[in-house]
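Below is the file work18.txt, which contains compact mmCIF, C-alpha atoms and all ligand atoms.
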```txt
# COMPACT_ATOMS: atom_id res chain seq x y z
CA MET A 1 -91.56 82.96 211.67
CA ILE A 2 -88.27 84.88 211.48
CA PRO A 3 -85.60 83.35 209.22
CA HIS A 4 -82.34 81.96 210.54
CA LYS A 5 -79.57 84.62 210.54
CA PHE A 6 -77.92 85.03 207.14
CA GLU A 7 -75.42 87.21 205.32
CA TYR A 8 -76.71 89.07 202.24
CA THR A 9 -74.46 90.18 199.37
CA VAL A 10 -75.20 92.15 196.22
CA PRO A 11 -72.54 91.01 193.74
CA LYS A 12 -70.71 93.56 191.59
CA ASN A 13 -71.21 91.49 188.44
CA LEU A 14 -71.78 87.92 187.24
CA ASP A 15 -68.16 86.84 187.84
CA ASP A 16 -68.37 88.12 191.38
CA ALA A 17 -71.67 86.24 191.89
CA LEU A 18 -70.21 82.99 190.53
CA HIS A 19 -67.17 83.40 192.78
CA LEU A 20 -69.41 83.82 195.83
CA LEU A 21 -71.53 80.82 194.82
CA ALA A 22 -68.39 78.69 194.45
CA SER A 23 -67.59 79.48 198.08
CA GLY A 24 -70.93 78.03 199.24
CA ALA A 25 -73.38 80.95 199.05
CA LYS A 26 -76.93 80.39 197.75
CA PRO A 27 -78.55 82.42 194.96
CA LEU A 28 -81.51 84.65 195.75
CA ALA A 29 -83.62 85.98 192.89
CA GLY A 30 -87.19 87.27 193.36
CA GLY A 31 -87.34 85.66 196.81
CA MET A 32 -90.93 84.56 196.16
CA SER A 33 -90.17 80.92 196.98
CA LEU A 34 -86.91 81.09 198.90
CA ILE A 35 -87.93 83.74 201.46
CA PRO A 36 -91.13 81.89 202.52
CA MET A 37 -89.05 78.70 202.85
CA MET A 38 -86.52 80.56 205.00
CA LYS A 39 -89.29 81.99 207.16
CA LEU A 40 -90.60 78.46 207.71
CA ARG A 41 -86.98 77.33 208.32
CA LEU A 42 -87.33 74.80 205.51
CA ALA A 43 -84.22 76.50 204.10
CA THR A 44 -81.49 77.96 206.30
CA PRO A 45 -78.79 79.33 203.99
CA GLU A 46 -76.03 81.18 205.79
CA ARG A 47 -75.10 83.36 202.83
CA LEU A 48 -77.28 84.72 200.04
CA VAL A 49 -76.11 86.28 196.77
CA ASP A 50 -78.72 88.53 195.20
CA LEU A 51 -78.82 87.69 191.49
CA ALA A 52 -81.91 89.83 190.92
CA LYS A 53 -79.78 92.97 191.16
CA LEU A 54 -77.62 91.81 188.21
CA GLN A 55 -78.94 93.79 185.27
CA GLU A 56 -76.67 91.79 182.93
CA LEU A 57 -78.92 88.76 183.51
CA ASN A 58 -82.13 90.64 182.79
CA TYR A 59 -82.73 90.49 179.04
CA ILE A 60 -85.06 89.06 176.42
CA ARG A 61 -83.54 89.08 172.94
CA GLU A 62 -83.42 87.24 169.62
CA SER A 63 -80.23 85.96 168.08
CA GLY A 64 -79.47 83.22 165.56
CA GLY A 65 -83.17 82.41 165.11
CA GLU A 66 -83.60 81.72 168.82
CA LEU A 67 -84.97 83.67 171.76
CA HIS A 68 -82.75 84.14 174.82
CA ILE A 69 -84.25 85.01 178.20
CA GLY A 70 -81.88 85.98 180.99
CA ALA A 71 -82.46 84.33 184.36
CA THR A 72 -83.51 87.46 186.21
CA ALA A 73 -86.23 88.48 183.75
CA THR A 74 -89.32 88.70 185.91
CA HIS A 75 -92.59 86.98 185.09
CA TYR A 76 -93.95 90.46 184.26
CA ASP A 77 -91.02 91.09 181.89
CA VAL A 78 -91.88 87.81 180.14
CA GLU A 79 -95.63 88.39 179.91
CA SER A 80 -95.19 91.95 178.60
CA SER A 81 -92.28 91.41 176.21
CA ALA A 82 -93.26 92.61 172.71
CA LEU A 83 -90.69 90.18 171.25
CA LEU A 84 -92.16 87.17 173.08
CA LEU A 85 -95.73 88.19 172.35
CA ARG A 86 -94.79 88.14 168.64
CA LYS A 87 -92.43 85.16 168.49
CA CYS A 88 -93.26 83.02 171.52
CA PRO A 89 -96.74 83.95 172.77
CA LEU A 90 -96.95 80.62 174.61
CA LEU A 91 -94.36 81.68 177.17
CA ALA A 92 -95.82 85.17 177.58
CA GLU A 93 -99.29 83.69 178.10
CA THR A 94 -97.90 81.22 180.64
CA ALA A 95 -96.11 83.96 182.59
CA ALA A 96 -99.36 85.96 182.73
CA ALA A 97 -101.03 82.96 184.41
CA ILE A 98 -98.60 82.92 187.36
CA GLY A 99 -99.86 83.92 190.82
CA ASP A 100 -100.76 87.59 191.13
CA LEU A 101 -99.25 90.88 189.97
CA GLN A 102 -97.01 91.23 193.02
CA VAL A 103 -95.54 87.75 192.49
CA ARG A 104 -95.09 88.41 188.77
CA ASN A 105 -93.30 91.68 189.46
CA MET A 106 -90.77 90.03 191.79
CA GLY A 107 -90.47 86.39 190.69
CA THR A 108 -87.97 85.52 187.97
CA ILE A 109 -87.93 82.84 185.30
CA GLY A 110 -84.53 81.61 186.50
CA GLY A 111 -85.76 81.32 190.09
CA SER A 112 -88.92 79.52 189.04
CA VAL A 113 -87.16 76.84 186.96
CA ALA A 114 -84.39 76.39 189.54
CA HIS A 115 -86.99 75.93 192.28
CA ALA A 116 -88.79 73.27 190.16
CA ASP A 117 -92.08 73.28 192.03
CA PRO A 118 -94.20 70.44 190.58
CA ALA A 119 -97.13 72.88 190.31
CA ALA A 120 -95.19 75.71 188.63
CA ASP A 121 -96.50 76.99 185.31
CA TYR A 122 -93.40 77.59 183.16
CA PRO A 123 -92.33 73.92 182.96
CA ALA A 124 -95.36 72.96 180.80
CA ALA A 125 -94.56 75.67 178.25
CA LEU A 126 -90.82 74.96 178.35
CA GLN A 127 -91.47 71.25 177.68
CA ALA A 128 -93.79 72.08 174.74
CA LEU A 129 -91.20 74.54 173.41
CA GLU A 130 -88.35 72.01 173.84
CA ALA A 131 -86.41 74.75 175.62
CA LYS A 132 -82.72 74.63 176.40
CA LEU A 133 -81.29 75.92 179.66
CA VAL A 134 -77.80 77.38 179.87
CA LEU A 135 -76.22 76.55 183.23
CA LYS A 136 -73.09 78.34 184.39
CA SER A 137 -70.58 78.06 187.20
CA GLY A 138 -67.24 79.82 187.68
CA LYS A 139 -65.54 76.90 185.91
CA SER A 140 -67.90 75.86 183.12
CA GLU A 141 -70.94 76.56 181.03
CA ARG A 142 -73.23 73.88 179.59
CA THR A 143 -76.56 73.64 177.82
CA VAL A 144 -79.18 71.17 179.02
CA ALA A 145 -82.43 70.18 177.28
CA VAL A 146 -85.51 70.87 179.37
CA LYS A 147 -86.41 67.15 179.41
CA ASP A 148 -83.15 66.50 181.25
CA PHE A 149 -83.28 69.61 183.44
CA PHE A 150 -86.42 68.83 185.48
CA GLN A 151 -85.68 65.57 187.31
CA ASP A 152 -88.10 65.33 190.24
CA ALA A 153 -90.06 67.54 192.64
CA PHE A 154 -87.76 70.45 193.54
CA THR A 155 -84.88 68.62 191.83
CA THR A 156 -83.07 69.73 188.69
CA ALA A 157 -79.86 69.06 186.80
CA LEU A 158 -78.25 72.12 188.46
CA GLY A 159 -74.92 71.39 190.13
CA PRO A 160 -74.10 72.92 193.54
CA GLU A 161 -72.13 75.88 192.12
CA GLU A 162 -74.24 76.37 189.00
CA ILE A 163 -76.87 78.95 188.19
CA VAL A 164 -79.44 79.10 185.44
CA LEU A 165 -77.92 81.72 183.17
CA GLU A 166 -80.53 81.84 180.45
CA ILE A 167 -83.36 79.98 178.76
CA VAL A 168 -83.28 79.47 175.00
CA LEU A 169 -86.45 79.00 172.94
CA PRO A 170 -87.36 78.73 169.26
CA ALA A 171 -88.54 81.95 167.60
CA GLU A 172 -91.73 81.01 165.78
CA ASP A 173 -94.00 82.49 163.14
CA THR A 174 -97.74 82.83 163.41
CA ALA A 175 -98.35 79.50 161.61
CA THR A 176 -97.88 77.80 164.98
CA GLY A 177 -100.93 77.80 167.24
CA THR A 178 -100.14 77.77 170.95
CA LEU A 179 -102.07 77.80 174.18
CA TYR A 180 -101.57 77.37 177.92
CA GLU A 181 -104.61 76.07 179.80
CA LYS A 182 -104.55 75.78 183.58
CA VAL A 183 -106.71 74.61 186.48
CA VAL A 184 -105.86 77.13 189.20
CA GLN A 185 -105.38 76.29 192.85
CA PRO A 186 -107.41 79.25 194.11
CA ALA A 187 -105.42 80.03 197.26
CA SER A 188 -102.01 80.35 195.57
CA GLY A 189 -102.61 80.47 191.85
CA PHE A 190 -100.36 77.45 191.26
CA ALA A 191 -101.41 74.86 188.66
CA ILE A 192 -103.37 71.82 189.79
CA VAL A 193 -103.02 70.88 186.15
CA GLY A 194 -101.37 72.95 183.40
CA ILE A 195 -101.29 72.00 179.72
CA ALA A 196 -99.23 73.81 177.08
CA VAL A 197 -99.83 73.04 173.40
CA ARG A 198 -97.86 74.02 170.32
CA ILE A 199 -99.29 72.84 167.01
CA ARG A 200 -98.93 73.36 163.25
CA ARG A 201 -100.97 72.20 160.26
CA SER A 202 -99.42 70.95 157.06
CA ALA A 203 -101.53 70.20 153.95
CA GLY A 204 -104.71 70.22 156.03
CA LYS A 205 -103.41 67.78 158.64
CA ILE A 206 -101.61 68.16 161.95
CA GLY A 207 -97.97 68.12 160.92
CA PHE A 208 -96.35 69.03 164.23
CA VAL A 209 -97.54 69.00 167.83
CA ARG A 210 -95.89 69.31 171.22
CA ILE A 211 -97.79 69.00 174.52
CA GLY A 212 -96.19 69.95 177.85
CA VAL A 213 -97.79 69.04 181.17
CA THR A 214 -97.29 70.37 184.69
CA GLY A 215 -99.04 69.99 188.04
CA ILE A 216 -99.93 66.32 187.71
CA ALA A 217 -96.78 64.48 188.69
CA ASN A 218 -93.59 65.32 190.59
CA CYS A 219 -92.02 66.49 187.37
CA SER A 220 -93.28 68.20 184.23
CA TYR A 221 -93.23 66.11 181.07
CA ARG A 222 -94.07 65.96 177.37
CA ALA A 223 -97.15 63.92 176.55
CA THR A 224 -95.52 62.07 173.65
CA ALA A 225 -98.21 59.39 173.26
CA ALA A 226 -100.86 62.10 172.85
CA GLU A 227 -98.62 63.93 170.38
CA ALA A 228 -98.16 60.78 168.30
CA ALA A 229 -101.91 60.16 168.30
CA LEU A 230 -102.54 63.60 166.80
CA GLU A 231 -99.89 63.63 164.08
CA GLU A 232 -101.29 63.29 160.54
CA LYS A 233 -104.86 63.63 161.87
CA VAL A 234 -107.25 66.29 160.59
CA GLY A 235 -108.04 67.48 164.10
CA LEU A 236 -111.67 66.39 164.38
CA ASP A 237 -113.24 66.30 167.85
CA ALA A 238 -112.76 62.51 167.95
CA ASP A 239 -109.03 62.88 167.10
CA ILE A 240 -108.60 65.43 169.87
CA GLU A 241 -110.51 63.37 172.45
CA ALA A 242 -108.51 60.23 171.63
CA ALA A 243 -105.24 62.12 172.01
CA ALA A 244 -106.30 63.92 175.19
CA ALA A 245 -107.16 60.56 176.79
CA LEU A 246 -103.47 59.68 176.56
CA VAL A 247 -102.08 62.83 178.21
CA ALA A 248 -101.93 61.37 181.71
CA THR A 249 -102.25 57.66 180.98
CA GLY A 250 -99.73 55.69 183.02
CA VAL A 251 -98.52 58.81 184.82
CA ASP A 252 -97.87 58.51 188.55
CA ALA A 253 -100.16 61.41 189.47
CA ASN A 254 -99.89 63.28 192.76
CA SER A 255 -102.69 63.27 195.29
CA ASP A 256 -103.22 66.07 197.84
CA LEU A 257 -106.00 68.00 199.54
CA HIS A 258 -106.67 69.93 196.32
CA ALA A 259 -107.10 66.95 193.98
CA SER A 260 -106.78 63.18 194.11
CA ALA A 261 -104.59 61.40 191.56
CA ASP A 262 -107.65 60.16 189.63
CA TYR A 263 -109.19 63.64 189.58
CA ARG A 264 -105.89 65.15 188.37
CA ARG A 265 -105.74 62.62 185.52
CA HIS A 266 -109.37 63.42 184.64
CA LEU A 267 -108.65 67.17 184.66
CA ALA A 268 -105.61 66.59 182.47
CA GLU A 269 -107.75 64.82 179.86
CA VAL A 270 -110.48 67.47 179.86
CA TYR A 271 -108.09 70.44 179.81
CA ALA A 272 -105.81 68.85 177.22
CA ALA A 273 -108.77 68.46 174.86
CA ARG A 274 -109.68 72.11 175.35
CA ALA A 275 -106.10 73.28 174.93
CA ILE A 276 -105.53 71.25 171.75
CA ALA A 277 -108.78 72.49 170.18
CA LYS A 278 -108.05 76.13 171.03
CA ALA A 279 -104.42 75.91 169.90
CA LEU A 280 -105.58 74.43 166.58
CA SER A 281 -107.99 77.34 166.14
CA ARG A 282 -104.99 79.68 166.57
CA CYS A 283 -102.99 78.11 163.70
CA ALA A 284 -102.69 80.57 160.82
C1 LIG B 301 -98.31 83.87 196.62
C2 LIG B 301 -97.50 83.17 195.58
C3 LIG B 301 -98.16 82.65 194.48
C4 LIG B 301 -97.44 81.98 193.48
N1 LIG B 301 -98.12 81.49 192.41
C5 LIG B 301 -97.44 80.85 191.43
C6 LIG B 301 -98.12 80.32 190.30
O1 LIG B 301 -99.33 80.46 190.13
N2 LIG B 301 -97.38 79.68 189.35
C7 LIG B 301 -96.01 79.54 189.48
O2 LIG B 301 -95.39 78.96 188.58
N3 LIG B 301 -95.34 80.04 190.52
C8 LIG B 301 -96.02 80.69 191.51
N4 LIG B 301 -95.33 81.21 192.58
C9 LIG B 301 -93.86 81.04 192.64
C10 LIG B 301 -93.21 82.19 191.91
O3 LIG B 301 -93.35 82.02 190.53
C11 LIG B 301 -91.71 82.35 192.23
O4 LIG B 301 -91.33 83.51 191.62
C12 LIG B 301 -90.76 81.28 191.73
O5 LIG B 301 -91.08 79.98 192.14
C13 LIG B 301 -89.35 81.51 192.28
O6 LIG B 301 -88.76 82.55 191.62
P1 LIG B 301 -87.93 83.64 192.41
O7 LIG B 301 -87.27 84.48 191.36
O8 LIG B 301 -88.81 84.33 193.36
O9 LIG B 301 -86.80 82.75 193.11
P2 LIG B 301 -86.31 82.70 194.62
O10 LIG B 301 -87.47 82.48 195.52
O11 LIG B 301 -85.41 83.83 194.90
O12 LIG B 301 -85.43 81.37 194.54
C14 LIG B 301 -86.03 80.11 194.40
C15 LIG B 301 -84.93 79.03 194.34
O13 LIG B 301 -84.19 79.14 193.14
C16 LIG B 301 -82.80 79.41 193.39
N5 LIG B 301 -82.40 80.33 192.33
C17 LIG B 301 -82.93 81.55 192.07
N6 LIG B 301 -82.43 82.03 190.91
C18 LIG B 301 -81.57 81.10 190.45
C19 LIG B 301 -80.75 80.99 189.29
N7 LIG B 301 -80.74 81.93 188.32
N8 LIG B 301 -79.99 79.88 189.12
C20 LIG B 301 -80.00 78.89 190.07
N9 LIG B 301 -80.76 78.92 191.18
C21 LIG B 301 -81.55 80.02 191.36
C22 LIG B 301 -82.74 79.93 194.80
O14 LIG B 301 -81.49 79.64 195.41
C23 LIG B 301 -83.88 79.15 195.45
O15 LIG B 301 -83.44 77.85 195.78
C24 LIG B 301 -96.03 81.87 193.59
C25 LIG B 301 -95.36 82.40 194.70
C26 LIG B 301 -96.09 83.05 195.69
C27 LIG B 301 -95.35 83.63 196.85
```

Here is the file; what I need is its structure written in the form of structure tokens.
Amino acid sequence: MIPHKFEYTVPKNLDDALHLLASGAKPLAGGMSLIPMMKLRLATPERLVDLAKLQELNYIRESGGELHIGATATHYDVESSALLLRKCPLLAETAAAIGDLQVRNMGTIGGSVAHADPAADYPAALQALEAKLVLKSGKSERTVAVKDFFQDAFTTALGPEEIVLEIVLPAEDTATGTLYEKVVQPASGFAIVGIAVRIRRSAGKIGFVRIGVTGIANCSYRATAAEAALEEKVGLDADIEAAAALVATGVDANSDLHASADYRRHLAEVYAARAIAKALSRCA
């Protein structure tokens, strides 16, 4: 279908973009989610501001012991960043699991998190990384923890005039083992279930673990009961299985033509066990 008529503006700079957004325009980034929605007339914005053309938002850098990723960094930028591959391989690995090469070349991290598809891949990694998101409007700038950013399916903490400016992550050494494991929906590449694990050993035991989950419910989440079950354990198969069994316990799982709620919970348990075991094997 042909989209509703709309006005398209390439802003001169970030201030110009924020000014246009304050007057009611909608941000466009890679267009990988918004354009299909417009073609289906599920979205009918009258004015679009093209953030993807803003080079000042396309960066991946380290400062103050943290990694900063500008909103218009594409999934390909993220998966191929030498800095991320060294200091946050979990996010690079997650980006590489998104869709296909064409989608990864166009889609941006800012667009993906703002869209908040329940089956998107980044949210699992961002939950495990305890990411922060910097949100900006013409009037203010604020930092929101990822657990407060994703609120429901296609619903975030973003205000009407705000954009995702950047994503902030911890820069980590190789002592942390990480892994993103995903059950792929074959037609689109989206996650039926996606599990991100970040784990460290201390004196032979699991001293730190974070598990992020996507695809199962309306909103990504951290599997805190499973994390607690693993802490101070050696990481034997039985420890891992007991923890994995808690990853989707009590979660209001989605049901659709790809997977029932029970099957999703079962996949979460199986894939969490695999992801935890593999992440442990990656600990230095
Ligand atoms: C065939 C196909 C397969 C896909 N497979 C996967 C997959 O396997 N895994 C996955 O995670 N995703 C997948 N996607 C989605 C893809 O990752 C998109 O890139 C992403 O959801 C949206 O990013 P975008 O930059 O294209 O944003 P757009 O489509 O341009 O925008 C999406 C929404 O975000 C808003 N927006 C954009 N940028 C900002 C910003 N900086 N601040 C505030 N709001 C903003 C827009 O107004 C719009 O509402 C797939 C998409 C397609 C078409």

At a cut-off of 7 Å around ligand LIG 301 (chain B), and using all atoms listed in the file, what residues come up? Please write them as an MDAnalysis selection string. chainID A and resid 26:35 51 71:72 97:100 103:104 106:112 114:115 117 119:122 162:165 188:191

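For the atom pair formed by CA of Ile199 in chain A and CA of Gln185 in chain A, the distance is 26.8 Å, given to one decimal.
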
Calculate, to one decimal in Å, the centre and edge lengths of the box along x, y and z of the file that holds all listed atoms of range 150-164 of chain A with 8 Å of margin on each side, and present them as lines of an AutoDock Vina configuration file.
```
center_x = -81.1
center_y = 72.2
center_z = 189.5
size_x = 33.9
size_y = 29.8
size_z = 24.1
```

How close does range 226-246 of chain A get to range 201-215 of chain A? List, as CSV, each residue of range 226-246 of chain A within 10 Å, its nearest atom pair and the distance in Å to one decimal, counting only C-alpha atoms.
```
residue,atom,partner,partner_atom,distance
A:Ala226,CA,A:Ile211,CA,7.7
A:Glu227,CA,A:Val209,CA,5.8
A:Ala228,CA,A:Val209,CA,8.3
A:Ala229,CA,A:Val209,CA,9.9
A:Leu230,CA,A:Ile206,CA,6.7
A:Glu231,CA,A:Ile206,CA,5.3
A:Glu232,CA,A:Ile206,CA,5.1
A:Lys233,CA,A:Lys205,CA,5.5
A:Val234,CA,A:Lys205,CA,4.6
A:Gly235,CA,A:Ile206,CA,6.8
A:Ala244,CA,A:Ile211,CA,9.9
```

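Ranking A:Arg222, A:Arg200, A:Arg86, A:Arg61 by their shortest atom-to-atom distance to Ala124 in chain A, with all atoms listed in the file included, puts A:Arg222 first.
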